[in-house]
Amino acid sequence: MITTDILIIGAGPTGLFTVFEAGLLKLKCHLIDALPQPGGQCSEIYPKKPIYDIPAYPEILAGDLTDNLMEQIKQFEPGFTLGERADTLEKQEDGTFIVTTNKGTKHHAKIVAIAGGLGSFEPRKPKLENITNFEDNGVEYIIKEPELYRDKNVVIAGGGDSALDWSIFLADVAKSVTLVHRRNEFRGALDSVEKVQELKDAGKVKLITPAEITGILGDDKVTGLTIQKKGEEPFNVETDHFIPLFGLSPKLGPLGDWGLDIEKNAIKVNNALDYQTNIPGVYAIGDVNTYPGKLKLILCGFHEATLMCQSAFQRIFPDKKYVMKYTTVGGVEGFDGTKKEAPKAVVKAIE
Amino acid sequence: MQDVNIKIIDRDGVKHDIVAPTDMAMNLMEVVRSYELAEEGTIGICGGMAMCASCQCYVKSEHNLPEMTDDEDAMLAEAFNVEDNSRLGCQIQITPELEGLEVELAPED
């Protein structure tokens with residue numbers, strides 16, 4: 001069981017900044033995210049795109065924003081459960097919470113802060129009638145264990161970076177790799193496109209374009225696929241694995257069943273005070289919440305995280321006196337023993 | 001300032017006659033959101049960068065729309081339920097030329 005003061009669901013910019021504000025109050029944080037890396041949408045959807053409305057940054061790339069936040073919070077030593085989705089919330093008799101992920105990892109926390117953005121990112125599944133029957137029986141939307149494909153025949157579908165990168169990687173592992181895409185053009189980093197071209201020329205990756213997978217063959221395991229090239233008769237290929245890589249899309253998912261007040265796919269919170277939800281001790285901050293006048297902006301998420309942490313502190317320590325300190329005055333004392341502080345002024349007489 | 005009249009068929013097949021401003025730098029995806037014709041969180045997920053296909057729509061009228069950028073074209077190549085008349089709403093700016101445009105929202109992924 002992982003224990004912490006504040007359990008943050010979602011490791012996007014709002015969730016990450018919460019670690020900083022909580023750390024100033026000496027509260028420890030742990031984050032859960034369905035994605036394998038922190039940053040949320042900023043790293044998953046648009047890491048190379050600029051953002052222009054982060055205060056004091058005339059322009060910053062979304063990926064750099066994530067890196068900077070990770071640097072800013074590192075002295076508060078946040079814990080991470082990545083690649084797992086928070087599935088259930090159980091309130092304990094003492095007012096604390098246990099959150100369990102889809103992989104069974106349990107987290108025990110005094111406070112839960114949902115910073116889940118638009119929800120957890122789930123793979124987009126191609127519209128094939130029987131595809132769900134083959135999930136984990138030859139159909140995988142995410143490559144977790146490349147060794148699974150050793151000496152197997154693999155068909156990858158998709159036209160973006162992940163389809164290209166995995167085709168390159170698996171070319172050395174699998175018995176055969178076939179890449180199917182609806183166009184002849186691929187959208188990815190130039191060197192990935194060139195590398196796949198080389199592998200194709202060397203006969204290590206087979207390309208079928210412009211084409212679409214229209215059917216999955218097999219009884220309980222994938223044995224083949226039906227592929228249709230534009231303007232031609234469909235044909236079957238034998239394969240052990242089908243890996244559709246069509247990106248991820250966010251779904252509110254199990255959060256919707258936690259008994260929270262939901263309106264328009266977002267969690268209603270008290271914005272007059274502390275962004276608490278209808279469940280005391282559970283807060284919702286950033287894009288995942290809604291209130292009159294809500295704006296889904298990173299900078300609004302930062303503000304919400306800050307106020308939420310103050311409220312969380314009072315909830316955990318109802319009798320403690322506290323006044324907010326400026327970091328310039330109080331410095332930043334990490335849990336790792338480091339201390340950042342403003343340099344002392346030199347006081348020296350002039351002769 | 002000039003407003004244009006646009007017909008939008010939502011994901012439930014309901015037709016809406018709406019008025020869209022041409023002077024607010026709005027695109028079609030944003031118009032759909034401002035009229036709440038698709039559930040919040042199911043459209044414009046990437047914010048309008050042609051990096052998801054949640055605002056895909058089918059153009060039903062014979063309007064000359066601005067040509068697709070490579071980004072839009074590549075995104076539609078990976079989207080589902082794509083037809084010959086598919087476009088991404090976020091890439092269609094509201095201009096006076098769109099008067100009478102008729103579009104249908106593609107199903108949610």
# chains A, B, ... in the order shown; residues from 1 in each chain; ligands from 1
call {"tool": "interface_residues", "arguments": {"of": "chain A", "to": "chain B", "cutoff": "8 Å", "atoms": "only C-alpha atoms", "output": "list of chain:residue names"}}
result
A:Ile45, A:Tyr46, A:Leu118, A:Arg124, A:Pro126, A:Lys127, A:Gly158, A:Gly159, A:Gly160, A:Arg182, A:Arg183, A:Glu185, A:Phe186, A:Arg187, A:Phe246, A:Ser249, A:Lys264, A:Asn265
call {"tool": "residues_around", "arguments": {"residues": "B:Glu99", "least_positions_apart": "2", "cutoff": "6 Å", "atoms": "only C-alpha atoms", "output": "PDB file with N, CA and C atoms, in the first residue's frame"}}
result
ATOM      1  N   VAL B   4     -22.952  34.652 -40.536  1.00  0.00           N
ATOM      2  CA  VAL B   4     -23.367  33.706 -41.573  1.00  0.00           C
ATOM      3  C   VAL B   4     -24.309  32.668 -40.970  1.00  0.00           C
ATOM      4  N   ASN B   5     -25.194  32.176 -41.828  1.00  0.00           N
ATOM      5  CA  ASN B   5     -26.129  31.141 -41.405  1.00  0.00           C
ATOM      6  C   ASN B   5     -25.544  29.780 -41.771  1.00  0.00           C
ATOM      7  N   PRO B  96     -17.317  34.987 -44.470  1.00  0.00           N
ATOM      8  CA  PRO B  96     -18.579  35.272 -45.174  1.00  0.00           C
ATOM      9  C   PRO B  96     -18.892  34.244 -46.259  1.00  0.00           C
ATOM     10  N   GLU B  97     -17.850  33.630 -46.830  1.00  0.00           N
ATOM     11  CA  GLU B  97     -18.072  32.635 -47.903  1.00  0.00           C
ATOM     12  C   GLU B  97     -18.821  31.403 -47.408  1.00  0.00           C
ATOM     13  N   LEU B 101     -23.609  27.144 -45.396  1.00  0.00           N
ATOM     14  CA  LEU B 101     -22.874  25.879 -45.235  1.00  0.00           C
ATOM     15  C   LEU B 101     -23.724  24.849 -44.474  1.00  0.00           C
TER      16      LEU B 101
END
call {"tool": "residues_around", "arguments": {"residues": "A:Tyr326", "least_positions_apart": "6", "cutoff": "12 Å", "atoms": "only C-alpha atoms", "output": "MDAnalysis selection string"}}
result
chainID A and resid 21 24:25 332 341:342
call {"tool": "closest_residue", "arguments": {"among": "A:Lys200, A:His108, A:Gly218, A:Trp258", "to": "A:Thr88", "atoms": "only C-alpha atoms"}}
result
A:Trp258
call {"tool": "closest_atom_pairs", "arguments": {"of": "stretch 93-170 of chain A", "to": "stretch 231-241 of chain A", "cutoff": "9 Å", "atoms": "only C-alpha atoms", "output": "CSV"}}
result
residue,atom,partner,partner_atom,distance
A:Asn137,CA,A:His241,CA,8.1
A:Gly138,CA,A:His241,CA,4.4
A:Val139,CA,A:His241,CA,5.9
A:Glu140,CA,A:His241,CA,7.6
A:Tyr149,CA,A:His241,CA,7.8
A:Lys152,CA,A:Asp240,CA,6.1
A:Asn153,CA,A:Thr239,CA,5.0
A:Val154,CA,A:His241,CA,4.8
A:Val155,CA,A:His241,CA,6.2
A:Ile156,CA,A:His241,CA,8.3
call {"tool": "write_last_selection", "arguments": {"atoms": "C-alpha atoms", "output": "PDB file, in the first residue's frame"}}
result
ATOM      1  CA  ASN A 137      -5.183 -12.655 -27.630  1.00  0.00           C
ATOM      2  CA  GLY A 138      -3.237 -11.220 -30.498  1.00  0.00           C
ATOM      3  CA  VAL A 139      -4.641  -7.681 -30.520  1.00  0.00           C
ATOM      4  CA  GLU A 140      -2.683  -5.154 -28.461  1.00  0.00           C
ATOM      5  CA  TYR A 149       6.644 -10.389 -30.354  1.00  0.00           C
ATOM      6  CA  LYS A 152       6.242 -13.741 -34.309  1.00  0.00           C
ATOM      7  CA  ASN A 153       4.492 -12.277 -37.326  1.00  0.00           C
ATOM      8  CA  VAL A 154       3.242  -8.801 -36.528  1.00  0.00           C
ATOM      9  CA  VAL A 155       0.962  -6.395 -38.380  1.00  0.00           C
ATOM     10  CA  ILE A 156       0.987  -2.767 -37.239  1.00  0.00           C
TER      11      ILE A 156
END
call {"tool": "residues_around", "arguments": {"residues": "B:Lys15", "least_positions_apart": "5", "cutoff": "10 Å", "atoms": "only C-alpha atoms", "output": "list of chain:residue names"}}
result
B:Lys7, B:Ile8, B:Ile9, B:Asp10, B:Leu37, B:Glu102, B:Val103, B:Glu104
call {"tool": "select_by_dssp", "arguments": {"residues": "stretch 44-108 of chain B", "states": "strand (DSSP E or B)", "output": "PyMOL selection string"}}
result
chain B and resi 56-59+86-88+93+102-105
call {"tool": "write_last_selection", "arguments": {"atoms": "C-alpha atoms", "output": "short mmCIF file (atom, residue, chain, number, x, y, z; two decimals), in the first residue's frame"}}
result
data_model
loop_
_atom_site.label_atom_id
_atom_site.label_comp_id
_atom_site.auth_asym_id
_atom_site.auth_seq_id
_atom_site.Cartn_x
_atom_site.Cartn_y
_atom_site.Cartn_z
CA GLN B 56 -14.55 15.69 -37.68
CA CYS B 57 -17.58 16.65 -39.74
CA TYR B 58 -19.03 15.84 -43.14
CA VAL B 59 -19.55 18.77 -45.49
CA SER B 86 -14.72 14.71 -44.11
CA ARG B 87 -13.05 17.79 -42.66
CA LEU B 88 -11.85 18.85 -39.23
CA GLN B 93 -12.52 29.42 -40.15
CA GLU B 102 -24.33 22.54 -44.17
CA VAL B 103 -22.31 20.06 -42.12
CA GLU B 104 -22.96 16.93 -40.12
CA LEU B 105 -20.88 16.03 -37.07
#
call {"tool": "residues_around", "arguments": {"residues": "A:Lys344", "least_positions_apart": "6", "cutoff": "12 Å", "atoms": "only C-alpha atoms", "output": "PyMOL selection string"}}
result
chain A and resi 328-329+331
call {"tool": "closest_residue", "arguments": {"among": "B:Ala106, B:Ile94, B:Val82, B:Val32", "to": "B:Asp3", "atoms": "only C-alpha atoms"}}
result
B:Ile94
call {"tool": "atom_distance", "arguments": {"atom1": "atom CA of A:His303", "atom2": "atom CA of A:Gly79"}}
result
22.2 Å
call {"tool": "residues_around", "arguments": {"residues": "A:Phe97", "least_positions_apart": "2", "cutoff": "10 Å", "atoms": "only C-alpha atoms", "output": "MDAnalysis selection string"}}
result
chainID A and resid 6:7 89:95 99:100 107:112 281:282
call {"tool": "write_last_selection", "arguments": {"atoms": "N, CA and C atoms", "output": "PDB file, in the first residue's frame"}}
result
ATOM      1  N   ILE A   6      -1.412  13.780   0.076  1.00  0.00           N
ATOM      2  CA  ILE A   6      -2.338  14.124  -1.008  1.00  0.00           C
ATOM      3  C   ILE A   6      -2.096  13.175  -2.173  1.00  0.00           C
ATOM      4  N   LEU A   7      -3.127  12.470  -2.553  1.00  0.00           N
ATOM      5  CA  LEU A   7      -3.040  11.612  -3.733  1.00  0.00           C
ATOM      6  C   LEU A   7      -3.601  12.407  -4.907  1.00  0.00           C
ATOM      7  N   LEU A  89     -12.544   4.534  -5.652  1.00  0.00           N
ATOM      8  CA  LEU A  89     -12.298   5.409  -4.501  1.00  0.00           C
ATOM      9  C   LEU A  89     -13.125   4.870  -3.350  1.00  0.00           C
ATOM     10  N   GLU A  90     -12.442   4.552  -2.229  1.00  0.00           N
ATOM     11  CA  GLU A  90     -13.184   4.085  -1.058  1.00  0.00           C
ATOM     12  C   GLU A  90     -12.875   4.983   0.118  1.00  0.00           C
ATOM     13  N   LYS A  91     -13.930   5.558   0.685  1.00  0.00           N
ATOM     14  CA  LYS A  91     -13.744   6.414   1.853  1.00  0.00           C
ATOM     15  C   LYS A  91     -13.656   5.524   3.095  1.00  0.00           C
ATOM     16  N   GLN A  92     -12.660   5.770   3.931  1.00  0.00           N
ATOM     17  CA  GLN A  92     -12.477   4.990   5.139  1.00  0.00           C
ATOM     18  C   GLN A  92     -13.209   5.642   6.311  1.00  0.00           C
ATOM     19  N   GLU A  93     -13.364   4.871   7.390  1.00  0.00           N
ATOM     20  CA  GLU A  93     -14.093   5.403   8.544  1.00  0.00           C
ATOM     21  C   GLU A  93     -13.426   6.629   9.147  1.00  0.00           C
ATOM     22  N   ASP A  94     -12.088   6.673   9.066  1.00  0.00           N
ATOM     23  CA  ASP A  94     -11.380   7.813   9.650  1.00  0.00           C
ATOM     24  C   ASP A  94     -11.315   9.010   8.696  1.00  0.00           C
ATOM     25  N   GLY A  95     -12.066   8.957   7.604  1.00  0.00           N
ATOM     26  CA  GLY A  95     -12.108  10.096   6.682  1.00  0.00           C
ATOM     27  C   GLY A  95     -11.017  10.076   5.626  1.00  0.00           C
ATOM     28  N   VAL A  99      -7.507   4.569  -2.901  1.00  0.00           N
ATOM     29  CA  VAL A  99      -7.743   4.577  -4.343  1.00  0.00           C
ATOM     30  C   VAL A  99      -6.984   3.396  -4.943  1.00  0.00           C
ATOM     31  N   THR A 100      -7.691   2.593  -5.726  1.00  0.00           N
ATOM     32  CA  THR A 100      -7.095   1.401  -6.328  1.00  0.00           C
ATOM     33  C   THR A 100      -7.075   1.567  -7.842  1.00  0.00           C
ATOM     34  N   HIS A 107      -3.568   2.891  -2.975  1.00  0.00           N
ATOM     35  CA  HIS A 107      -2.995   4.134  -2.472  1.00  0.00           C
ATOM     36  C   HIS A 107      -3.861   4.633  -1.327  1.00  0.00           C
ATOM     37  N   HIS A 108      -3.208   4.938  -0.194  1.00  0.00           N
ATOM     38  CA  HIS A 108      -3.945   5.407   0.972  1.00  0.00           C
ATOM     39  C   HIS A 108      -3.570   6.870   1.219  1.00  0.00           C
ATOM     40  N   ALA A 109      -4.556   7.753   1.235  1.00  0.00           N
ATOM     41  CA  ALA A 109      -4.252   9.184   1.342  1.00  0.00           C
ATOM     42  C   ALA A 109      -5.279   9.904   2.195  1.00  0.00           C
ATOM     43  N   LYS A 110      -4.818  10.994   2.806  1.00  0.00           N
ATOM     44  CA  LYS A 110      -5.738  11.815   3.608  1.00  0.00           C
ATOM     45  C   LYS A 110      -6.634  12.656   2.703  1.00  0.00           C
ATOM     46  N   ILE A 111      -6.069  13.039   1.565  1.00  0.00           N
ATOM     47  CA  ILE A 111      -6.770  13.933   0.635  1.00  0.00           C
ATOM     48  C   ILE A 111      -6.626  13.363  -0.769  1.00  0.00           C
ATOM     49  N   VAL A 112      -7.682  13.482  -1.564  1.00  0.00           N
ATOM     50  CA  VAL A 112      -7.578  13.103  -2.977  1.00  0.00           C
ATOM     51  C   VAL A 112      -7.807  14.353  -3.823  1.00  0.00           C
ATOM     52  N   GLY A 281     -13.083  16.207   1.285  1.00  0.00           N
ATOM     53  CA  GLY A 281     -11.748  15.605   1.232  1.00  0.00           C
ATOM     54  C   GLY A 281     -11.311  15.239  -0.176  1.00  0.00           C
ATOM     55  N   VAL A 282     -12.263  15.287  -1.109  1.00  0.00           N
ATOM     56  CA  VAL A 282     -11.920  15.047  -2.514  1.00  0.00           C
ATOM     57  C   VAL A 282     -12.071  16.371  -3.269  1.00  0.00           C
TER      58      VAL A 282
END
